[in-house]
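So this one's my_file04.txt, compact mmCIF, N, CA and C atoms and all ligand atoms:
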```txt
# COMPACT_ATOMS: atom_id res chain seq x y z
N MET B 82 6.15 -3.40 -41.54
CA MET B 82 5.93 -4.82 -41.14
C MET B 82 6.39 -5.05 -39.71
N LEU B 83 7.61 -4.63 -39.42
CA LEU B 83 8.15 -4.80 -38.06
C LEU B 83 7.36 -3.94 -37.07
N ILE B 84 7.06 -2.71 -37.48
CA ILE B 84 6.31 -1.81 -36.60
C ILE B 84 4.93 -2.39 -36.29
N ALA B 85 4.29 -2.95 -37.31
CA ALA B 85 2.97 -3.53 -37.08
C ALA B 85 3.05 -4.67 -36.07
N ALA B 86 4.10 -5.49 -36.17
CA ALA B 86 4.26 -6.62 -35.26
C ALA B 86 4.47 -6.12 -33.83
N VAL B 87 5.25 -5.07 -33.67
CA VAL B 87 5.52 -4.53 -32.33
C VAL B 87 4.23 -3.96 -31.74
N SER B 88 3.47 -3.24 -32.56
CA SER B 88 2.22 -2.67 -32.07
C SER B 88 1.27 -3.77 -31.59
N LEU B 89 1.20 -4.83 -32.37
CA LEU B 89 0.33 -5.95 -31.99
C LEU B 89 0.78 -6.54 -30.65
N ALA B 90 2.10 -6.69 -30.50
CA ALA B 90 2.63 -7.27 -29.27
C ALA B 90 2.30 -6.37 -28.09
N LEU B 91 2.45 -5.06 -28.27
CA LEU B 91 2.15 -4.12 -27.20
C LEU B 91 0.68 -4.18 -26.83
N ALA B 92 -0.17 -4.24 -27.86
CA ALA B 92 -1.60 -4.28 -27.61
C ALA B 92 -1.96 -5.54 -26.82
N ALA B 93 -1.34 -6.66 -27.20
CA ALA B 93 -1.61 -7.92 -26.50
C ALA B 93 -1.17 -7.83 -25.05
N CYS B 94 0.01 -7.25 -24.84
CA CYS B 94 0.54 -7.08 -23.48
C CYS B 94 -0.38 -6.21 -22.65
N GLY B 95 -0.80 -5.10 -23.23
CA GLY B 95 -1.65 -4.16 -22.51
C GLY B 95 -2.94 -4.82 -22.06
N GLY B 96 -3.52 -5.60 -22.93
CA GLY B 96 -4.77 -6.27 -22.58
C GLY B 96 -4.57 -7.23 -21.43
N LYS B 97 -3.49 -7.96 -21.49
CA LYS B 97 -3.19 -8.93 -20.45
C LYS B 97 -2.98 -8.23 -19.10
N ALA B 98 -2.17 -7.15 -19.14
CA ALA B 98 -1.84 -6.45 -17.89
C ALA B 98 -3.09 -5.89 -17.23
N SER B 99 -4.01 -5.34 -18.01
CA SER B 99 -5.17 -4.73 -17.37
C SER B 99 -6.12 -5.78 -16.82
N SER B 100 -6.22 -6.95 -17.48
CA SER B 100 -7.11 -7.96 -16.93
C SER B 100 -6.51 -8.55 -15.66
N LYS B 101 -5.17 -8.67 -15.62
CA LYS B 101 -4.52 -9.17 -14.42
C LYS B 101 -4.73 -8.18 -13.27
N SER B 102 -4.57 -6.90 -13.59
CA SER B 102 -4.72 -5.86 -12.59
C SER B 102 -6.12 -5.91 -11.97
N ALA B 103 -7.11 -6.15 -12.81
CA ALA B 103 -8.49 -6.16 -12.30
C ALA B 103 -8.72 -7.32 -11.34
N THR B 104 -8.08 -8.46 -11.60
CA THR B 104 -8.36 -9.62 -10.75
C THR B 104 -7.50 -9.64 -9.49
N THR B 105 -6.29 -9.07 -9.53
CA THR B 105 -5.42 -9.17 -8.36
C THR B 105 -5.42 -7.91 -7.52
N GLY B 106 -5.93 -6.82 -8.05
CA GLY B 106 -5.87 -5.58 -7.30
C GLY B 106 -4.48 -4.97 -7.31
N ASN B 107 -3.67 -5.39 -8.23
CA ASN B 107 -2.32 -4.85 -8.38
C ASN B 107 -2.39 -3.36 -8.69
N THR B 108 -1.52 -2.58 -8.09
CA THR B 108 -1.53 -1.15 -8.34
C THR B 108 -0.95 -0.81 -9.71
N GLY B 109 -0.28 -1.74 -10.35
CA GLY B 109 0.24 -1.52 -11.68
C GLY B 109 1.58 -0.81 -11.71
N GLY B 110 1.82 0.06 -10.77
CA GLY B 110 3.09 0.79 -10.76
C GLY B 110 4.22 -0.02 -10.15
N ASN B 111 3.89 -1.06 -9.47
CA ASN B 111 4.91 -1.86 -8.81
C ASN B 111 5.16 -3.15 -9.59
N THR B 112 5.93 -4.02 -9.02
CA THR B 112 6.37 -5.19 -9.75
C THR B 112 5.35 -6.31 -9.74
N GLY B 113 4.22 -6.11 -9.11
CA GLY B 113 3.20 -7.15 -9.08
C GLY B 113 3.19 -7.87 -7.77
N GLY B 114 2.16 -8.67 -7.54
CA GLY B 114 2.07 -9.41 -6.30
C GLY B 114 1.42 -8.60 -5.20
N ASN B 115 1.95 -8.74 -3.99
CA ASN B 115 1.28 -8.17 -2.82
C ASN B 115 1.78 -6.76 -2.53
N ASN B 116 1.25 -5.79 -3.25
CA ASN B 116 1.69 -4.40 -3.07
C ASN B 116 0.60 -3.55 -2.44
N LEU B 117 1.02 -2.82 -1.41
CA LEU B 117 0.10 -1.92 -0.70
C LEU B 117 0.66 -0.50 -0.77
N VAL B 118 -0.24 0.47 -0.59
CA VAL B 118 0.16 1.87 -0.60
C VAL B 118 -0.35 2.53 0.68
N GLY B 119 0.56 3.12 1.43
CA GLY B 119 0.19 3.86 2.64
C GLY B 119 0.47 5.33 2.45
N ILE B 120 -0.50 6.16 2.80
CA ILE B 120 -0.31 7.61 2.66
C ILE B 120 -0.80 8.29 3.93
N VAL B 121 0.03 9.20 4.46
CA VAL B 121 -0.42 10.03 5.57
C VAL B 121 -0.16 11.49 5.20
N GLY B 122 -1.15 12.34 5.50
CA GLY B 122 -1.05 13.76 5.19
C GLY B 122 -1.36 14.01 3.72
N PRO B 123 -1.25 15.26 3.28
CA PRO B 123 -0.80 16.42 4.07
C PRO B 123 -1.84 16.92 5.08
N GLY B 124 -3.10 16.56 4.88
CA GLY B 124 -4.13 16.92 5.86
C GLY B 124 -4.20 15.88 6.95
N PHE B 125 -5.34 15.81 7.64
CA PHE B 125 -5.50 14.87 8.75
C PHE B 125 -6.10 13.56 8.24
N THR B 126 -5.39 12.93 7.31
CA THR B 126 -5.87 11.66 6.76
C THR B 126 -4.74 10.65 6.74
N ILE B 127 -5.12 9.40 6.91
CA ILE B 127 -4.17 8.29 6.78
C ILE B 127 -4.90 7.16 6.07
N THR B 128 -4.25 6.59 5.06
CA THR B 128 -4.90 5.53 4.29
C THR B 128 -3.92 4.39 4.02
N LEU B 129 -4.48 3.20 3.92
CA LEU B 129 -3.72 2.04 3.45
C LEU B 129 -4.59 1.38 2.39
N THR B 130 -4.08 1.31 1.17
CA THR B 130 -4.89 0.81 0.06
C THR B 130 -4.16 -0.28 -0.72
N GLN B 131 -4.97 -1.06 -1.41
CA GLN B 131 -4.45 -2.06 -2.34
C GLN B 131 -5.26 -1.91 -3.62
N GLY B 132 -4.58 -1.59 -4.71
CA GLY B 132 -5.28 -1.38 -5.98
C GLY B 132 -6.32 -0.28 -5.88
N GLY B 133 -6.08 0.70 -5.03
CA GLY B 133 -6.97 1.85 -4.92
C GLY B 133 -8.11 1.67 -3.91
N SER B 134 -8.22 0.47 -3.33
CA SER B 134 -9.29 0.24 -2.35
C SER B 134 -8.71 0.13 -0.95
N SER B 135 -9.43 0.68 0.01
CA SER B 135 -8.99 0.62 1.39
C SER B 135 -8.85 -0.84 1.83
N VAL B 136 -7.77 -1.12 2.55
CA VAL B 136 -7.51 -2.50 2.99
C VAL B 136 -8.34 -2.81 4.23
N SER B 137 -9.13 -3.87 4.17
CA SER B 137 -9.85 -4.29 5.38
C SER B 137 -9.48 -5.72 5.77
N THR B 138 -9.22 -6.57 4.79
CA THR B 138 -8.74 -7.92 5.09
C THR B 138 -7.63 -8.27 4.09
N LEU B 139 -6.68 -9.06 4.56
CA LEU B 139 -5.59 -9.54 3.70
C LEU B 139 -5.31 -10.99 4.04
N LYS B 140 -4.75 -11.69 3.07
CA LYS B 140 -4.25 -13.03 3.32
C LYS B 140 -2.86 -12.92 3.96
N ALA B 141 -2.55 -13.83 4.86
CA ALA B 141 -1.22 -13.85 5.45
C ALA B 141 -0.17 -13.98 4.36
N GLY B 142 0.96 -13.34 4.57
CA GLY B 142 2.02 -13.42 3.57
C GLY B 142 2.90 -12.19 3.61
N THR B 143 3.81 -12.12 2.67
CA THR B 143 4.76 -11.00 2.60
C THR B 143 4.25 -9.96 1.62
N TYR B 144 4.28 -8.71 2.06
CA TYR B 144 3.78 -7.60 1.27
C TYR B 144 4.83 -6.51 1.17
N LYS B 145 4.80 -5.80 0.05
CA LYS B 145 5.60 -4.59 -0.09
C LYS B 145 4.67 -3.41 0.10
N ILE B 146 5.09 -2.47 0.92
CA ILE B 146 4.27 -1.29 1.19
C ILE B 146 5.05 -0.05 0.80
N ASN B 147 4.48 0.74 -0.09
CA ASN B 147 5.06 2.03 -0.44
C ASN B 147 4.37 3.08 0.43
N VAL B 148 5.14 3.68 1.32
CA VAL B 148 4.58 4.65 2.27
C VAL B 148 5.00 6.06 1.89
N SER B 149 4.01 6.95 1.81
CA SER B 149 4.29 8.37 1.59
C SER B 149 3.87 9.14 2.84
N ASP B 150 4.86 9.72 3.49
CA ASP B 150 4.60 10.58 4.66
C ASP B 150 4.70 12.01 4.15
N LYS B 151 3.54 12.64 4.01
CA LYS B 151 3.48 13.94 3.35
C LYS B 151 3.40 15.11 4.30
N SER B 152 3.64 14.88 5.58
CA SER B 152 3.52 15.98 6.54
C SER B 152 4.53 15.84 7.66
N SER B 153 5.10 16.97 8.08
CA SER B 153 6.05 16.96 9.20
C SER B 153 5.32 17.05 10.55
N MET B 154 3.99 16.90 10.55
CA MET B 154 3.29 16.82 11.83
C MET B 154 2.56 15.49 12.01
N HIS B 155 2.68 14.59 11.06
CA HIS B 155 2.07 13.27 11.17
C HIS B 155 3.15 12.20 10.94
N ASN B 156 2.82 10.98 11.33
CA ASN B 156 3.66 9.85 10.91
C ASN B 156 2.76 8.69 10.51
N PHE B 157 3.37 7.71 9.84
CA PHE B 157 2.67 6.49 9.45
C PHE B 157 3.25 5.38 10.29
N HIS B 158 2.42 4.80 11.16
CA HIS B 158 2.87 3.75 12.08
C HIS B 158 2.01 2.52 11.83
N LEU B 159 2.65 1.43 11.47
CA LEU B 159 1.97 0.17 11.18
C LEU B 159 2.44 -0.88 12.18
N PHE B 160 1.49 -1.49 12.86
CA PHE B 160 1.90 -2.50 13.84
C PHE B 160 0.84 -3.58 14.02
N GLY B 161 1.33 -4.73 14.46
CA GLY B 161 0.49 -5.91 14.68
C GLY B 161 1.45 -7.08 14.86
N PRO B 162 0.91 -8.31 14.86
CA PRO B 162 1.76 -9.49 15.11
C PRO B 162 3.00 -9.55 14.20
N GLY B 163 4.17 -9.39 14.80
CA GLY B 163 5.42 -9.51 14.06
C GLY B 163 5.81 -8.30 13.23
N VAL B 164 5.01 -7.23 13.29
CA VAL B 164 5.28 -6.05 12.45
C VAL B 164 5.31 -4.78 13.32
N GLU B 165 6.34 -3.99 13.14
CA GLU B 165 6.47 -2.71 13.85
C GLU B 165 7.28 -1.79 12.92
N GLN B 166 6.56 -0.91 12.23
CA GLN B 166 7.22 -0.02 11.27
C GLN B 166 6.64 1.37 11.43
N LYS B 167 7.50 2.39 11.42
CA LYS B 167 6.94 3.74 11.44
C LYS B 167 7.88 4.75 10.83
N THR B 168 7.29 5.83 10.37
CA THR B 168 8.07 6.97 9.89
C THR B 168 8.17 7.97 11.05
N ASP B 169 9.07 8.95 10.91
CA ASP B 169 9.22 9.98 11.93
C ASP B 169 8.10 11.00 11.84
N VAL B 170 7.63 11.43 13.01
CA VAL B 170 6.59 12.48 13.03
C VAL B 170 7.12 13.74 12.35
N GLY B 171 8.34 14.13 12.67
CA GLY B 171 8.87 15.39 12.16
C GLY B 171 9.39 15.33 10.74
N GLY B 172 9.45 14.14 10.17
CA GLY B 172 10.01 14.00 8.83
C GLY B 172 8.95 13.75 7.78
N THR B 173 9.40 13.79 6.53
CA THR B 173 8.53 13.44 5.41
C THR B 173 9.34 12.54 4.48
N GLY B 174 8.66 11.98 3.49
CA GLY B 174 9.39 11.20 2.49
C GLY B 174 8.60 9.98 2.07
N THR B 175 9.21 9.23 1.15
CA THR B 175 8.59 7.99 0.72
C THR B 175 9.51 6.84 1.12
N PHE B 176 8.88 5.76 1.51
CA PHE B 176 9.61 4.62 2.05
C PHE B 176 9.04 3.34 1.49
N ASN B 177 9.90 2.35 1.31
CA ASN B 177 9.45 1.03 0.86
C ASN B 177 9.73 0.02 1.95
N TRP B 178 8.65 -0.50 2.50
CA TRP B 178 8.78 -1.51 3.55
C TRP B 178 8.39 -2.87 2.99
N THR B 179 9.06 -3.90 3.47
CA THR B 179 8.63 -5.27 3.19
C THR B 179 8.25 -5.89 4.52
N VAL B 180 7.02 -6.33 4.63
CA VAL B 180 6.53 -6.86 5.90
C VAL B 180 5.87 -8.21 5.67
N THR B 181 5.88 -9.03 6.70
CA THR B 181 5.20 -10.33 6.65
C THR B 181 4.06 -10.32 7.66
N PHE B 182 2.85 -10.42 7.13
CA PHE B 182 1.67 -10.43 7.99
C PHE B 182 1.28 -11.86 8.33
N LYS B 183 0.91 -12.05 9.60
CA LYS B 183 0.37 -13.33 10.07
C LYS B 183 -1.09 -13.11 10.44
N ALA B 184 -1.79 -14.19 10.66
CA ALA B 184 -3.20 -14.07 11.04
C ALA B 184 -3.32 -13.22 12.30
N GLY B 185 -4.22 -12.24 12.27
CA GLY B 185 -4.41 -11.38 13.43
C GLY B 185 -4.88 -10.01 13.01
N SER B 186 -4.88 -9.09 13.99
CA SER B 186 -5.35 -7.73 13.75
C SER B 186 -4.18 -6.77 13.67
N TYR B 187 -4.22 -5.89 12.69
CA TYR B 187 -3.17 -4.90 12.48
C TYR B 187 -3.78 -3.50 12.49
N THR B 188 -2.93 -2.55 12.87
CA THR B 188 -3.37 -1.16 12.97
C THR B 188 -2.37 -0.26 12.24
N TYR B 189 -2.89 0.76 11.57
CA TYR B 189 -2.02 1.82 11.05
C TYR B 189 -2.59 3.13 11.57
N GLN B 190 -1.69 4.00 12.00
CA GLN B 190 -2.15 5.24 12.62
C GLN B 190 -1.08 6.31 12.57
N CYS B 191 -1.52 7.54 12.81
CA CYS B 191 -0.60 8.62 13.15
C CYS B 191 -0.51 8.63 14.67
N ASP B 192 0.72 8.53 15.19
CA ASP B 192 0.88 8.42 16.64
C ASP B 192 0.44 9.68 17.38
N VAL B 193 0.40 10.81 16.70
CA VAL B 193 0.00 12.06 17.36
C VAL B 193 -1.52 12.22 17.37
N HIS B 194 -2.17 11.80 16.29
CA HIS B 194 -3.58 12.13 16.09
C HIS B 194 -4.51 10.92 15.97
N PHE B 195 -4.09 9.76 16.42
CA PHE B 195 -4.98 8.58 16.27
C PHE B 195 -6.29 8.77 17.03
N ALA B 196 -6.22 9.51 18.15
CA ALA B 196 -7.44 9.74 18.92
C ALA B 196 -8.42 10.64 18.19
N SER B 197 -7.91 11.38 17.20
CA SER B 197 -8.77 12.25 16.38
C SER B 197 -9.21 11.55 15.11
N GLY B 198 -8.97 10.27 15.02
CA GLY B 198 -9.48 9.51 13.87
C GLY B 198 -8.45 9.14 12.83
N MET B 199 -7.18 9.50 13.06
CA MET B 199 -6.16 9.11 12.09
C MET B 199 -5.68 7.70 12.42
N ILE B 200 -6.57 6.75 12.20
CA ILE B 200 -6.29 5.36 12.55
C ILE B 200 -7.12 4.44 11.67
N GLY B 201 -6.56 3.30 11.34
CA GLY B 201 -7.29 2.30 10.59
C GLY B 201 -6.87 0.92 11.03
N HIS B 202 -7.73 -0.04 10.76
CA HIS B 202 -7.45 -1.42 11.16
C HIS B 202 -7.72 -2.36 9.99
N PHE B 203 -7.03 -3.48 9.98
CA PHE B 203 -7.39 -4.54 9.05
C PHE B 203 -7.08 -5.89 9.66
N THR B 204 -7.68 -6.90 9.10
CA THR B 204 -7.55 -8.25 9.63
C THR B 204 -6.81 -9.12 8.62
N VAL B 205 -5.88 -9.90 9.12
CA VAL B 205 -5.15 -10.85 8.27
C VAL B 205 -5.64 -12.25 8.61
N THR B 206 -5.95 -13.00 7.57
CA THR B 206 -6.47 -14.36 7.77
C THR B 206 -5.55 -15.38 7.13
CU CU N 1 -1.06 13.23 12.84
```
As structure tokens, please, write out the structure in this file.
Ligand SMILES: [Cu+2]
Amino acid sequence: MLIAAVSLALAACGGKASSKSATTGNTGGNTGGNNLVGIVGPGFTITLTQGGSSVSTLKAGTYKINVSDKSSMHNFHLFGPGVEQKTDVGGTGTFNWTVTFKAGSYTYQCDVHFASGMIGHFTVT
């Protein structure tokens, strides 16, 4: 009886969480809200995603960014109005940044290889 009730509760929760995830683009692994994921390396790639999709526009506000720097020859550098955050080129690791975006244009890049295409842009409105 108790087990059945718990299973029902879990099933109800699961359904709710997945429908919320679909509408907000939440990555699910974080606490919810404005969560972004930045990854650079191990190859010559750099990405910034929200809910698995590349970020092209965002609403102004405060965001949490989980950054994974997977290469000691690249870095993840995010900059724009009021924001200046970067990892070390020679280092690796995962980092949690909290940033506040204002209306304007933002860039994320590898400082060594942006001219080779390791660069992305998005607009905050
Ligand atoms: Cu690089």
Find the spatial neighbours of segment 189-195 of chain B, counting only N, CA and C atoms, within a cut-off of 6 Å - ignore same-chain residues fewer than 5 positions away - and output them as a PyMOL selection string.
chain B and resi 155-160+200-202
Can you work out which one of B:Thr126, B:Thr179, B:Asn115, B:Thr206 has the shortest atom-to-atom distance to ligand CU 1 (chain N), counting all atoms listed in the file?
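So, comparing all the options, the nearest one is B:Thr126.
If you look at atom C of Ser152 of chain B and atom C of Gly172 of chain B, they are 4.9 Å away from each other.
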Tell me which of B:Thr173, B:Ser153, B:Ser137, B:Thr181 sits closest to ligand CU 1 (chain N), counting only C-alpha atoms and all ligand atoms.
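Checking each of B:Thr173, B:Ser153, B:Ser137, B:Thr181 against ligand CU 1 (chain N), counting only C-alpha atoms and all ligand atoms, the winner is B:Ser153.
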Using all atoms listed in the file, which of B:Met154, B:Ile127, B:Ala196, B:Val205 sits nearest ligand CU 1 (chain N)?
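Smallest separation from ligand CU 1 (chain N) among the options: B:Met154.
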Which residue, B:Trp178, B:Asn116, B:Val170, B:Gly133, has the smallest gap to ligand CU 1 (chain N) when you use all atoms listed in the file?
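Using all atoms listed in the file, ligand CU 1 (chain N) sits closest to B:Val170.
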When you draw a straight line from atom N of Gly142 of chain B to atom N of Lys183 of chain B, how long is it in Å?
5.2 Å
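For the atom pair formed by atom C of Ser186 of chain B and atom CA of Pro162 of chain B, the distance is 6.7 Å, given to one decimal.
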Between B:Phe203, B:Thr188, B:Lys151, B:Ile146, which one has atoms that come closest to ligand CU 1 (chain N), using only C-alpha atoms and all ligand atoms?
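Smallest separation from ligand CU 1 (chain N) among the options: B:Lys151.
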